[in-house]
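The file run_20.txt contains compact mmCIF, C-alpha atoms and all ligand atoms:
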```
# COMPACT_ATOMS: atom_id res chain seq x y z
CA MET A 1 353.02 283.70 32.92
CA ARG A 2 350.64 280.74 33.37
CA ALA A 3 347.67 281.62 35.58
CA THR A 4 347.47 279.66 38.81
CA VAL A 5 344.68 279.75 41.33
CA GLU A 6 346.94 281.81 43.57
CA SER A 7 347.84 284.33 40.85
CA ILE A 8 344.22 285.10 39.90
CA THR A 9 343.00 288.09 41.89
CA LEU A 10 339.33 287.78 42.83
CA VAL A 11 338.03 291.34 42.49
CA SER A 12 334.58 292.64 43.19
CA MET A 13 332.93 293.73 39.93
CA THR A 14 329.85 295.28 41.52
CA ASP A 15 330.59 298.63 39.93
CA ALA A 16 330.87 297.19 36.40
CA PRO A 17 327.90 298.38 34.35
CA MET A 18 325.35 295.87 33.10
CA PRO A 19 324.89 295.86 29.30
CA GLU A 20 322.06 297.83 27.76
CA PRO A 21 319.37 295.49 26.38
CA ARG A 22 319.50 295.27 22.59
CA PRO A 23 316.33 295.27 20.47
CA PHE A 24 314.79 291.84 20.12
CA SER A 25 311.65 290.32 18.64
CA PRO A 26 309.47 288.32 21.05
CA GLY A 27 308.91 284.84 19.63
CA LEU A 28 311.59 285.71 17.03
CA GLU A 29 308.73 287.04 14.89
CA GLY A 30 310.12 288.45 11.64
CA VAL A 31 313.70 287.45 12.50
CA ILE A 32 315.69 285.86 9.67
CA ALA A 33 317.39 282.91 11.34
CA GLY A 34 318.78 281.09 8.30
CA GLU A 35 318.46 280.29 4.61
CA THR A 36 316.57 277.46 2.98
CA ALA A 37 315.91 276.24 -0.56
CA LEU A 38 313.14 273.90 0.62
CA GLY A 39 309.91 275.77 1.31
CA TYR A 40 308.80 279.31 0.55
CA VAL A 41 305.99 280.59 2.75
CA ASP A 42 304.60 283.84 1.34
CA GLY A 43 302.42 285.02 4.19
CA GLU A 44 301.23 288.21 2.51
CA ARG A 45 300.00 286.57 -0.69
CA GLY A 46 299.07 283.17 0.72
CA ARG A 47 301.58 281.23 -1.37
CA LEU A 48 303.43 278.07 -0.42
CA LEU A 49 306.12 276.57 -2.69
CA TYR A 50 308.20 273.41 -2.13
CA ARG A 51 311.48 273.88 -4.03
CA GLY A 52 309.61 276.33 -6.24
CA TYR A 53 306.58 274.13 -6.98
CA ARG A 54 303.12 275.38 -5.95
CA ILE A 55 301.45 273.41 -3.15
CA GLY A 56 298.16 273.22 -5.09
CA ASP A 57 299.95 271.60 -8.07
CA LEU A 58 301.79 269.16 -5.83
CA VAL A 59 298.51 268.09 -4.19
CA GLU A 60 296.80 267.69 -7.54
CA HIS A 61 299.58 265.88 -9.42
CA GLY A 62 301.99 264.56 -6.80
CA THR A 63 302.20 261.97 -4.06
CA TYR A 64 303.65 262.27 -0.59
CA HIS A 65 306.53 259.95 -1.46
CA ALA A 66 307.44 261.98 -4.55
CA VAL A 67 307.22 265.19 -2.49
CA ALA A 68 309.44 263.75 0.23
CA HIS A 69 312.00 262.74 -2.42
CA LEU A 70 311.79 266.24 -3.92
CA LEU A 71 312.47 267.82 -0.53
CA TRP A 72 315.38 265.49 0.24
CA THR A 73 317.10 265.55 -3.15
CA GLY A 74 315.71 268.46 -5.18
CA GLU A 75 314.61 266.02 -7.91
CA TRP A 76 311.01 265.68 -9.07
CA ASP A 77 310.39 261.99 -9.75
CA PRO A 78 306.64 261.21 -9.75
CA ASP A 79 307.45 257.48 -9.86
CA HIS A 80 309.50 257.59 -6.68
CA ARG A 81 308.25 255.00 -4.14
CA LEU A 82 308.42 254.83 -0.36
CA ALA A 83 306.74 252.16 1.77
CA THR A 84 306.34 251.97 5.54
CA GLY A 85 309.30 250.43 7.35
CA PRO A 86 309.81 247.64 9.88
CA ILE A 87 309.71 248.13 13.64
CA PRO A 88 312.86 246.75 15.29
CA ALA A 89 312.04 244.22 18.04
CA PRO A 90 313.33 246.39 20.93
CA VAL A 91 311.13 249.28 19.74
CA MET A 92 308.09 246.99 19.60
CA GLY A 93 308.94 245.98 23.17
CA VAL A 94 308.88 249.63 24.20
CA LEU A 95 305.52 250.19 22.46
CA ARG A 96 304.06 247.14 24.19
CA ALA A 97 305.24 248.47 27.56
CA LEU A 98 303.44 251.80 27.20
CA PRO A 99 300.18 252.19 29.13
CA SER A 100 297.10 252.27 26.89
CA THR A 101 296.39 255.76 28.24
CA THR A 102 299.59 257.10 26.62
CA LYS A 103 298.94 260.04 24.31
CA PRO A 104 299.78 259.22 20.67
CA MET A 105 302.31 262.07 20.44
CA ASP A 106 304.11 260.72 23.51
CA ALA A 107 304.06 257.24 22.00
CA LEU A 108 305.44 258.47 18.67
CA ARG A 109 308.17 260.53 20.35
CA THR A 110 309.13 257.55 22.51
CA ALA A 111 309.12 255.16 19.54
CA VAL A 112 311.38 257.43 17.46
CA SER A 113 313.75 257.79 20.39
CA ALA A 114 313.89 254.01 20.86
CA TRP A 115 314.34 253.53 17.09
CA GLY A 116 317.30 255.94 17.18
CA ALA A 117 318.86 253.79 19.89
CA THR A 118 318.76 250.77 17.55
CA GLN A 119 320.41 252.54 14.59
CA ASP A 120 323.93 253.56 13.75
CA LEU A 121 323.19 257.19 12.94
CA THR A 122 326.58 258.65 12.22
CA TRP A 123 327.32 262.27 11.26
CA PRO A 124 326.49 263.64 8.77
CA PRO A 125 322.86 262.55 8.32
CA THR A 126 322.05 261.09 4.90
CA VAL A 127 319.06 260.76 2.58
CA GLU A 128 318.97 257.10 3.61
CA HIS A 129 318.58 258.14 7.26
CA ALA A 130 315.77 260.48 6.22
CA ARG A 131 314.00 257.72 4.27
CA ALA A 132 314.41 255.23 7.09
CA ILE A 133 312.95 257.41 9.83
CA THR A 134 310.13 258.72 7.60
CA SER A 135 309.09 255.17 6.73
CA PHE A 136 309.50 253.84 10.29
CA SER A 137 307.25 256.34 12.09
CA PRO A 138 303.90 255.49 10.40
CA SER A 139 304.43 251.82 11.35
CA ALA A 140 305.16 252.84 14.93
CA LEU A 141 302.07 255.03 15.27
CA ALA A 142 299.84 252.38 13.69
CA ALA A 143 301.28 249.68 15.99
CA PHE A 144 300.69 251.85 19.06
CA ALA A 145 297.10 252.58 18.03
CA ARG A 146 296.40 248.84 17.63
CA LEU A 147 298.15 247.82 20.84
CA ARG A 148 296.17 250.31 22.93
CA ALA A 149 292.98 248.87 21.41
CA GLY A 150 294.07 245.34 22.40
CA LEU A 151 294.95 244.37 18.80
CA GLU A 152 298.18 242.96 17.39
CA PRO A 153 300.35 245.22 15.18
CA ILE A 154 300.37 244.49 11.45
CA GLU A 155 303.56 243.97 9.44
CA PRO A 156 304.31 246.55 6.73
CA ASP A 157 303.25 245.55 3.21
CA PRO A 158 306.09 246.74 0.93
CA SER A 159 303.74 246.74 -2.09
CA LEU A 160 301.82 249.68 -0.59
CA ASP A 161 302.88 253.32 -0.62
CA LEU A 162 303.59 255.00 2.69
CA VAL A 163 300.17 256.55 3.32
CA GLU A 164 298.25 253.47 2.12
CA GLY A 165 300.54 251.32 4.24
CA PHE A 166 299.92 253.47 7.32
CA LEU A 167 296.13 253.12 6.93
CA TYR A 168 296.48 249.37 6.32
CA GLN A 169 298.63 248.87 9.42
CA LEU A 170 296.21 251.00 11.44
CA ASN A 171 292.93 249.40 10.36
CA GLY A 172 293.94 245.94 9.18
CA VAL A 173 292.35 246.43 5.77
CA LYS A 174 293.73 248.05 2.65
CA PRO A 175 292.20 251.50 2.19
CA ASP A 176 290.11 252.33 -0.84
CA PRO A 177 292.01 254.55 -3.32
CA GLU A 178 289.90 257.65 -2.56
CA THR A 179 290.61 257.46 1.16
CA ALA A 180 294.32 256.87 0.60
CA ARG A 181 294.42 259.77 -1.85
CA ALA A 182 292.72 262.14 0.61
CA LEU A 183 295.18 261.32 3.39
CA ASP A 184 298.06 261.51 0.91
CA ALA A 185 296.94 265.07 0.05
CA TYR A 186 296.96 265.92 3.76
CA PHE A 187 300.49 264.48 4.06
CA ILE A 188 301.64 266.63 1.12
CA VAL A 189 300.34 269.88 2.63
CA GLY A 190 301.82 268.95 6.00
CA ALA A 191 305.24 268.03 4.65
CA GLU A 192 307.09 271.33 4.88
CA HIS A 193 306.58 274.87 6.13
CA GLY A 194 309.77 276.89 6.47
CA PHE A 195 311.12 277.77 9.91
CA ASN A 196 308.07 276.77 11.95
CA ALA A 197 308.77 275.94 15.60
CA SER A 198 309.29 272.17 15.20
CA THR A 199 311.46 272.48 12.09
CA PHE A 200 313.57 275.16 13.73
CA THR A 201 313.94 272.83 16.72
CA ALA A 202 315.12 270.00 14.45
CA ARG A 203 317.71 272.32 12.89
CA VAL A 204 318.97 273.47 16.29
CA VAL A 205 319.43 269.86 17.38
CA ILE A 206 321.26 268.75 14.23
CA SER A 207 323.42 271.89 14.29
CA THR A 208 325.14 270.44 17.36
CA ARG A 209 326.12 267.42 15.18
CA SER A 210 323.61 265.30 17.04
CA ASP A 211 321.71 262.65 15.00
CA ILE A 212 318.55 262.70 12.89
CA ALA A 213 316.50 260.67 15.39
CA SER A 214 317.26 263.14 18.19
CA ALA A 215 316.28 266.00 15.87
CA VAL A 216 312.95 264.34 15.04
CA VAL A 217 312.25 263.46 18.70
CA ALA A 218 312.72 267.13 19.65
CA ALA A 219 310.58 268.24 16.71
CA ILE A 220 307.73 265.93 17.79
CA GLY A 221 307.96 267.37 21.31
CA THR A 222 307.67 270.86 19.86
CA MET A 223 304.75 269.99 17.64
CA LYS A 224 302.85 268.54 20.59
CA GLY A 225 301.81 272.00 21.79
CA PRO A 226 298.27 273.09 20.84
CA LEU A 227 299.56 276.33 19.32
CA HIS A 228 301.44 274.29 16.72
CA GLY A 229 300.13 270.79 16.05
CA GLY A 230 297.19 270.30 18.35
CA ALA A 231 294.64 272.46 16.58
CA PRO A 232 292.68 270.07 14.29
CA SER A 233 291.37 267.92 17.14
CA GLU A 234 290.36 271.12 18.92
CA VAL A 235 288.60 272.24 15.73
CA VAL A 236 286.40 269.15 16.05
CA ASP A 237 285.67 269.97 19.73
CA GLN A 238 284.83 273.56 18.91
CA LEU A 239 282.50 272.59 16.07
CA ALA A 240 280.74 270.14 18.41
CA ARG A 241 280.30 272.97 20.90
CA VAL A 242 278.88 275.26 18.19
CA GLY A 243 276.36 272.52 17.38
CA SER A 244 274.47 274.17 14.53
CA THR A 245 274.80 277.00 12.02
CA ASP A 246 272.09 279.00 13.86
CA HIS A 247 274.33 279.18 16.94
CA ALA A 248 277.54 279.97 15.07
CA GLU A 249 277.52 283.76 15.42
CA ALA A 250 276.55 283.79 19.12
CA TRP A 251 279.09 281.07 19.90
CA VAL A 252 281.96 282.76 18.06
CA ARG A 253 281.27 286.12 19.73
CA GLU A 254 281.01 284.59 23.18
CA ALA A 255 284.23 282.57 22.70
CA LEU A 256 286.14 285.66 21.59
CA ASP A 257 284.66 287.79 24.39
CA ASN A 258 285.89 285.13 26.83
CA GLY A 259 289.41 285.42 25.39
CA GLU A 260 289.26 282.01 23.67
CA ARG A 261 291.16 281.38 20.45
CA LEU A 262 289.29 280.00 17.49
CA MET A 263 291.12 276.87 16.51
CA GLY A 264 292.08 276.71 12.85
CA PHE A 265 292.40 280.51 12.51
CA GLY A 266 295.38 282.84 12.65
CA HIS A 267 298.98 282.15 11.80
CA ARG A 268 302.35 283.59 12.70
CA VAL A 269 303.27 284.10 9.04
CA TYR A 270 300.10 284.04 6.92
CA ARG A 271 298.11 287.23 6.74
CA ALA A 272 296.26 285.85 3.72
CA TYR A 273 294.17 282.66 3.52
CA ASP A 274 296.45 279.66 4.09
CA PRO A 275 296.90 277.95 0.68
CA ARG A 276 297.00 274.59 2.46
CA ALA A 277 293.49 275.25 3.78
CA THR A 278 292.36 275.97 0.20
CA ALA A 279 293.82 272.64 -0.98
CA LEU A 280 292.35 270.65 1.91
CA ARG A 281 288.92 272.24 1.65
CA LYS A 282 288.83 271.02 -1.96
CA VAL A 283 289.87 267.53 -0.84
CA ALA A 284 287.28 267.50 1.98
CA GLU A 285 284.48 268.61 -0.32
CA GLY A 286 285.39 265.88 -2.84
CA MET A 287 285.35 263.02 -0.31
CA THR A 288 282.54 260.47 -0.38
CA ASN A 289 283.07 259.78 3.33
CA ARG A 290 283.19 263.41 4.35
CA PRO A 291 281.90 264.01 7.87
CA ASP A 292 278.32 265.25 8.07
CA TRP A 293 279.53 268.37 9.94
CA LEU A 294 281.58 269.61 6.94
CA GLN A 295 278.80 272.04 5.99
CA LEU A 296 278.70 273.30 9.59
CA ALA A 297 282.47 273.88 9.38
CA ILE A 298 282.05 275.92 6.18
CA ASP A 299 279.29 278.02 7.80
CA VAL A 300 281.29 278.55 10.99
CA GLU A 301 284.31 279.59 8.94
CA ASP A 302 282.29 282.34 7.23
CA VAL A 303 281.08 283.69 10.56
CA ALA A 304 284.50 283.37 12.23
CA LEU A 305 286.29 285.25 9.43
CA ARG A 306 283.75 288.07 9.60
CA VAL A 307 283.85 288.41 13.40
CA LEU A 308 287.66 288.08 13.58
CA ALA A 309 288.01 290.86 10.98
CA GLU A 310 285.67 293.03 13.03
CA LYS A 311 287.53 292.39 16.31
CA HIS A 312 291.06 292.57 14.88
CA PRO A 313 290.92 295.14 12.07
CA ASP A 314 294.71 295.59 12.17
CA ARG A 315 295.73 291.92 12.30
CA PRO A 316 294.28 289.79 9.50
CA LEU A 317 293.29 286.44 11.01
CA LYS A 318 292.37 283.93 8.33
CA THR A 319 291.70 280.23 8.14
CA ASN A 320 294.79 278.06 8.63
CA VAL A 321 295.57 274.51 7.46
CA GLU A 322 294.25 272.91 10.63
CA PHE A 323 290.65 273.96 10.03
CA TYR A 324 290.17 271.79 6.94
CA ALA A 325 292.63 269.17 8.13
CA ALA A 326 289.97 268.22 10.68
CA PRO A 327 287.27 267.04 8.21
CA VAL A 328 289.85 265.30 5.99
CA LEU A 329 291.35 263.38 8.91
CA MET A 330 287.91 262.48 10.30
CA GLY A 331 286.77 261.50 6.79
CA VAL A 332 289.60 258.97 6.40
CA GLY A 333 288.58 257.39 9.71
CA LEU A 334 291.20 258.75 12.13
CA THR A 335 290.12 259.56 15.67
CA PRO A 336 290.86 263.15 16.80
CA ASP A 337 293.46 262.06 19.33
CA LEU A 338 295.55 260.70 16.43
CA PHE A 339 295.50 264.01 14.51
CA PRO A 340 298.62 265.67 15.99
CA ALA A 341 300.70 262.51 15.59
CA THR A 342 299.49 262.10 12.01
CA PHE A 343 300.50 265.70 11.34
CA SER A 344 303.92 264.79 12.73
CA LEU A 345 304.17 261.83 10.35
CA SER A 346 303.54 264.16 7.41
CA ARG A 347 306.12 266.69 8.65
CA HIS A 348 308.85 264.02 8.79
CA ALA A 349 309.71 264.82 5.15
CA GLY A 350 310.27 268.50 5.94
CA TRP A 351 312.02 267.98 9.27
CA THR A 352 314.47 265.53 7.75
CA ALA A 353 315.02 267.65 4.63
CA HIS A 354 315.91 270.57 6.92
CA VAL A 355 318.22 268.29 8.89
CA LEU A 356 320.04 267.45 5.62
CA GLU A 357 320.14 271.09 4.54
CA GLN A 358 321.42 272.29 7.91
CA SER A 359 324.11 269.63 8.14
CA ALA A 360 325.33 270.24 4.58
CA ASP A 361 326.46 273.74 5.55
CA ASN A 362 326.45 273.58 9.30
CA ARG A 363 326.99 276.30 11.84
CA LEU A 364 325.98 275.73 15.45
CA ILE A 365 322.73 277.61 16.09
CA ARG A 366 323.26 279.60 19.23
CA PRO A 367 321.49 282.98 19.47
CA ASP A 368 322.12 285.60 22.10
CA VAL A 369 319.76 286.80 24.82
CA ASN A 370 319.22 290.05 26.70
CA TYR A 371 319.91 289.58 30.40
CA VAL A 372 317.18 291.41 32.34
CA GLY A 373 317.82 289.96 35.79
CA SER A 374 319.37 291.46 38.87
CA ALA A 375 322.57 293.51 38.52
CA GLU A 376 325.74 291.92 39.85
CA ARG A 377 325.54 291.67 43.63
CA ASP A 378 327.12 290.05 46.64
CA LEU A 379 325.66 286.92 48.21
CA PRO A 380 323.82 287.70 51.45
CA ALA A 381 326.25 287.28 54.36
N1 LIG A 401 291.36 283.28 17.63
C1 LIG A 401 291.17 284.47 18.23
N2 LIG A 401 292.11 285.42 18.32
C2 LIG A 401 293.29 285.17 17.77
C3 LIG A 401 293.58 283.97 17.12
C4 LIG A 401 292.55 283.00 17.05
N3 LIG A 401 292.73 281.82 16.45
N4 LIG A 401 294.84 283.99 16.68
C5 LIG A 401 295.36 285.17 17.03
N5 LIG A 401 294.41 285.89 17.71
C6 LIG A 401 294.56 287.24 18.24
C7 LIG A 401 295.31 287.22 19.56
O1 LIG A 401 294.42 287.10 20.65
C8 LIG A 401 296.01 288.55 19.52
O2 LIG A 401 295.09 289.55 19.90
P1 LIG A 401 295.56 290.82 20.79
O3 LIG A 401 296.60 291.51 19.96
O4 LIG A 401 294.31 291.60 20.96
O5 LIG A 401 296.11 290.22 22.04
C9 LIG A 401 296.31 288.77 18.04
O6 LIG A 401 295.36 287.97 17.34
C10 LIG A 401 297.70 288.32 17.64
O7 LIG A 401 297.89 287.00 18.14
P2 LIG A 401 299.31 286.39 18.45
O8 LIG A 401 299.16 285.38 19.55
O9 LIG A 401 300.31 287.48 18.64
O10 LIG A 401 299.64 285.69 17.11
P3 LIG A 401 300.76 284.60 16.92
O11 LIG A 401 301.43 284.90 15.65
O12 LIG A 401 301.65 284.46 18.11
O13 LIG A 401 299.89 283.28 16.89
C11 LIG A 401 298.86 281.28 16.38
C12 LIG A 401 299.74 282.41 15.84
C13 LIG A 401 299.52 280.64 17.61
C14 LIG A 401 298.70 280.20 15.30
C15 LIG A 401 297.49 281.88 16.77
O14 LIG A 401 296.89 282.49 15.65
C16 LIG A 401 296.55 280.84 17.39
O15 LIG A 401 296.62 280.60 18.61
N6 LIG A 401 295.65 280.19 16.56
C17 LIG A 401 294.79 279.16 17.07
C18 LIG A 401 295.53 277.83 17.13
C19 LIG A 401 295.78 277.26 15.75
O16 LIG A 401 294.92 277.27 14.86
N7 LIG A 401 297.00 276.70 15.58
C20 LIG A 401 297.42 276.08 14.33
C21 LIG A 401 298.37 276.98 13.61
S1 LIG A 401 298.82 276.30 12.04
C22 LIG A 401 300.07 275.20 12.38
O17 LIG A 401 300.74 275.25 13.36
C23 LIG A 401 300.29 274.11 11.42
```

Once more with this new file: its structure as structure tokens, please.
Amino acid sequence: MRATVESITLVSMTDAPMPEPRPFSPGLEGVIAGETALGYVDGERGRLLYRGYRIGDLVEHGTYHAVAHLLWTGEWDPDHRLATGPIPAPVMGVLRALPSTTKPMDALRTAVSAWGATQDLTWPPTVEHARAITSFSPSALAAFARLRAGLEPIEPDPSLDLVEGFLYQLNGVKPDPETARALDAYFIVGAEHGFNASTFTARVVISTRSDIASAVVAAIGTMKGPLHGGAPSEVVDQLARVGSTDHAEAWVREALDNGERLMGFGHRVYRAYDPRATALRKVAEGMTNRPDWLQLAIDVEDVALRVLAEKHPDRPLKTNVEFYAAPVLMGVGLTPDLFPATFSLSRHAGWTAHVLEQSADNRLIRPDVNYVGSAERDLPA
């Protein structure tokens, strides 16, 4: 018999038992939420592989554009090229309308959202979509940075690679090869990192058969938080507060006693030294334009590692990528407020590769939750 409103009996269920909570892991720590062939993060041994290749080797011998291509297609082609892309007129209009006080992450998120509105991003997402969004975003961030400084945006130069092109569109002059190489190294180490919060977000979004721009917008919003992408600019602030090597020990102890977190230390997955920090420290030390506080950073790191080990004997807290990202980004001439958005530019390769991987074998991501609220009850009369 077909149910009608009249035939459904409304019964009180107040006696029905509530389910017992099942075990769960706060923050999903240690939970396996999928499979990927893209990045392998070995937290115990401090190893990071992109499609099997060691991060140190990729930094030494690769380029960001070759790494992005590797992540998208699985093919290693060192000659692969990728330039920055054009900004559609309606998106430029949106960037021009933003107040100059807009935070760069908000500007980037808004620009990607507006870009998505100008594209025909049909399901399933393609490598071409991934290339297009990855090459658009550096142009958008550079244009925003110029507009807020009262300068006109610069057109992409297709003869330049993506990272060179970003610096050119930001500063109005072509970068010297050493500077471009240092930022390219940063982009490589930032490109991919397993199921971190922003990548997981991107996969959740695309799993609904939404589009790649929506996935990247959500990922940028996730990366905006200081526990994920905001650390390098805070590293600079903290080092300024330390002031000198003589004060390092007292400062670190006082900060920890006050419950502060040392920016650039600790990681959800790494218990060993972050291999990305190793690679970026090498880059920072090799830069001609390295900031004069690089030595202070190295001294503070020594003290911080010692004091963190003393205070947290059971939880190894080591240097993470953000600590040495700070001197590299400062050294190439970026202001600290551009650091999180620049990190987001680098992660476009990984986010979009995960979007492709998720959509190729899609299942809607929809976990369960323990209900811990009030038992079933009647509304107050
Ligand atoms: N400074 C001081 N203490 C720390 C730090 C730190 N940087 N990181 C963790 N701890 C302590 C916590 O206070 C906690 O101590 P307790 O058990 O006595 O309360 C213990 O270590 C475990 O910390 P959790 O918060 O459980 O570790 P979680 O895995 O959630 O955090 C995170 C990882 C967010 C990166 C954390 O280490 C942190 O806040 N670091 C500083 C910010 C930072 O550098 N972020 C960049 C991360 S890299 C990236 O996103 C690309």

Shell around Leu167 (chain A) at 12 Å using only C-alpha atoms, local window under 4 positions removed, as a ChimeraX atom specification: /A:83-84,138-139,141-143,145-146,154,156-157,160-163,171-177,179-184,329,332-334,342

Convert the current residue selection to file output with C-alpha atoms, as a compact mmCIF listing (two decimals), in the frame of the given file.
```txt
# COMPACT_ATOMS: atom_id res chain seq x y z
CA ALA A 83 306.74 252.16 1.77
CA THR A 84 306.34 251.97 5.54
CA PRO A 138 303.90 255.49 10.40
CA SER A 139 304.43 251.82 11.35
CA LEU A 141 302.07 255.03 15.27
CA ALA A 142 299.84 252.38 13.69
CA ALA A 143 301.28 249.68 15.99
CA ALA A 145 297.10 252.58 18.03
CA ARG A 146 296.40 248.84 17.63
CA ILE A 154 300.37 244.49 11.45
CA PRO A 156 304.31 246.55 6.73
CA ASP A 157 303.25 245.55 3.21
CA LEU A 160 301.82 249.68 -0.59
CA ASP A 161 302.88 253.32 -0.62
CA LEU A 162 303.59 255.00 2.69
CA VAL A 163 300.17 256.55 3.32
CA ASN A 171 292.93 249.40 10.36
CA GLY A 172 293.94 245.94 9.18
CA VAL A 173 292.35 246.43 5.77
CA LYS A 174 293.73 248.05 2.65
CA PRO A 175 292.20 251.50 2.19
CA ASP A 176 290.11 252.33 -0.84
CA PRO A 177 292.01 254.55 -3.32
CA THR A 179 290.61 257.46 1.16
CA ALA A 180 294.32 256.87 0.60
CA ARG A 181 294.42 259.77 -1.85
CA ALA A 182 292.72 262.14 0.61
CA LEU A 183 295.18 261.32 3.39
CA ASP A 184 298.06 261.51 0.91
CA LEU A 329 291.35 263.38 8.91
CA VAL A 332 289.60 258.97 6.40
CA GLY A 333 288.58 257.39 9.71
CA LEU A 334 291.20 258.75 12.13
CA THR A 342 299.49 262.10 12.01
```

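Atom pair CA of Asp299 (chain A) / CA of Glu192 (chain A) has a distance of 28.7 Å (rounded to one decimal).
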
Would you give the centre and edge lengths, in Å to one decimal, of a box along x, y and z around the listed atoms of ligand LIG 401 (chain A), with 4 Å added to each side, as lines of an AutoDock Vina configuration file?
```
center_x = 296.4
center_y = 282.9
center_z = 16.7
size_x = 18.5
size_y = 25.5
size_z = 18.6
```

Please identify every polymer residue within 6 Å of ligand LIG 401 (chain A), using all atoms listed in the file, and present the set as a PDB file with C-alpha atoms, in the coordinates of the input.
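Output saved as pocket-v1.pdb:
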```pdb
ATOM      1  CA  LEU A 227     299.560 276.330  19.320  1.00  0.00           C
ATOM      2  CA  HIS A 228     301.440 274.290  16.720  1.00  0.00           C
ATOM      3  CA  GLY A 229     300.130 270.790  16.050  1.00  0.00           C
ATOM      4  CA  ALA A 231     294.640 272.460  16.580  1.00  0.00           C
ATOM      5  CA  ARG A 261     291.160 281.380  20.450  1.00  0.00           C
ATOM      6  CA  LEU A 262     289.290 280.000  17.490  1.00  0.00           C
ATOM      7  CA  MET A 263     291.120 276.870  16.510  1.00  0.00           C
ATOM      8  CA  GLY A 264     292.080 276.710  12.850  1.00  0.00           C
ATOM      9  CA  PHE A 265     292.400 280.510  12.510  1.00  0.00           C
ATOM     10  CA  GLY A 266     295.380 282.840  12.650  1.00  0.00           C
ATOM     11  CA  HIS A 267     298.980 282.150  11.800  1.00  0.00           C
ATOM     12  CA  ARG A 268     302.350 283.590  12.700  1.00  0.00           C
ATOM     13  CA  ASN A 320     294.790 278.060   8.630  1.00  0.00           C
ATOM     14  CA  VAL A 321     295.570 274.510   7.460  1.00  0.00           C
ATOM     15  CA  GLU A 322     294.250 272.910  10.630  1.00  0.00           C
TER      16      GLU A 322
END
```

- prompt: Neighbours of region 274-289 of chain A within 8 Å (all atoms listed in the file; same-chain residues fewer than 4 positions away dropped), as a ChimeraX atom specification?
  reply: /A:46-48,55-56,59,178-179,182,185-186,189,270,294,318-325,327-328,331-332

Residues as selected, C-alpha atoms, written as a PDB file, in the coordinates of the input, can you do that?
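The resulting file, selection.pdb, is shown below:
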```pdb
ATOM      1  CA  GLY A  46     299.070 283.170   0.720  1.00  0.00           C
ATOM      2  CA  ARG A  47     301.580 281.230  -1.370  1.00  0.00           C
ATOM      3  CA  LEU A  48     303.430 278.070  -0.420  1.00  0.00           C
ATOM      4  CA  ILE A  55     301.450 273.410  -3.150  1.00  0.00           C
ATOM      5  CA  GLY A  56     298.160 273.220  -5.090  1.00  0.00           C
ATOM      6  CA  VAL A  59     298.510 268.090  -4.190  1.00  0.00           C
ATOM      7  CA  GLU A 178     289.900 257.650  -2.560  1.00  0.00           C
ATOM      8  CA  THR A 179     290.610 257.460   1.160  1.00  0.00           C
ATOM      9  CA  ALA A 182     292.720 262.140   0.610  1.00  0.00           C
ATOM     10  CA  ALA A 185     296.940 265.070   0.050  1.00  0.00           C
ATOM     11  CA  TYR A 186     296.960 265.920   3.760  1.00  0.00           C
ATOM     12  CA  VAL A 189     300.340 269.880   2.630  1.00  0.00           C
ATOM     13  CA  TYR A 270     300.100 284.040   6.920  1.00  0.00           C
ATOM     14  CA  LEU A 294     281.580 269.610   6.940  1.00  0.00           C
ATOM     15  CA  LYS A 318     292.370 283.930   8.330  1.00  0.00           C
ATOM     16  CA  THR A 319     291.700 280.230   8.140  1.00  0.00           C
ATOM     17  CA  ASN A 320     294.790 278.060   8.630  1.00  0.00           C
ATOM     18  CA  VAL A 321     295.570 274.510   7.460  1.00  0.00           C
ATOM     19  CA  GLU A 322     294.250 272.910  10.630  1.00  0.00           C
ATOM     20  CA  PHE A 323     290.650 273.960  10.030  1.00  0.00           C
ATOM     21  CA  TYR A 324     290.170 271.790   6.940  1.00  0.00           C
ATOM     22  CA  ALA A 325     292.630 269.170   8.130  1.00  0.00           C
ATOM     23  CA  PRO A 327     287.270 267.040   8.210  1.00  0.00           C
ATOM     24  CA  VAL A 328     289.850 265.300   5.990  1.00  0.00           C
ATOM     25  CA  GLY A 331     286.770 261.500   6.790  1.00  0.00           C
ATOM     26  CA  VAL A 332     289.600 258.970   6.400  1.00  0.00           C
TER      27      VAL A 332
END
```

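Note that the spacing between CA of Arg81 (chain A) and CA of Gly116 (chain A) amounts to 23.2 Å.
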
Using only C-alpha atoms, find each residue in region 53-156 of chain A having at least one atom no more than 10 Å away from region 356-377 of chain A; report its shortest atom-to-atom pair and that distance in Å (one decimal), rows by chain then rising number, as a Markdown table.
```
| residue | atom | partner | partner_atom | distance |
| --- | --- | --- | --- | --- |
| A:Leu71 | CA | A:Glu357 | CA | 9.8 |
| A:Trp72 | CA | A:Leu356 | CA | 7.4 |
| A:Thr73 | CA | A:Leu356 | CA | 9.4 |
| A:Trp123 | CA | A:Ser359 | CA | 8.6 |
| A:Pro124 | CA | A:Ser359 | CA | 6.5 |
| A:Pro125 | CA | A:Leu356 | CA | 6.3 |
| A:Thr126 | CA | A:Leu356 | CA | 6.7 |
| A:Val127 | CA | A:Leu356 | CA | 7.4 |
| A:His129 | CA | A:Leu356 | CA | 9.6 |
| A:Ala130 | CA | A:Leu356 | CA | 8.2 |
```

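Near Thr199 (chain A), within 9 Å and counting all atoms listed in the file, sit Glu192, His193, Gly194, Phe195, Asn196, Ala197, Thr201, Ala202, Arg203, Val204, Ala215, Val216, Ala219, Thr222, Arg347, Gly350, Trp351, Thr352, His354 and Val355 of chain A; same-chain residues fewer than 2 positions away were not included.
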
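Nearest residue to Ala341 (chain A), choosing from A:Arg54, A:Arg315, A:His61, A:Lys103 and counting all atoms listed in the file: A:Lys103.
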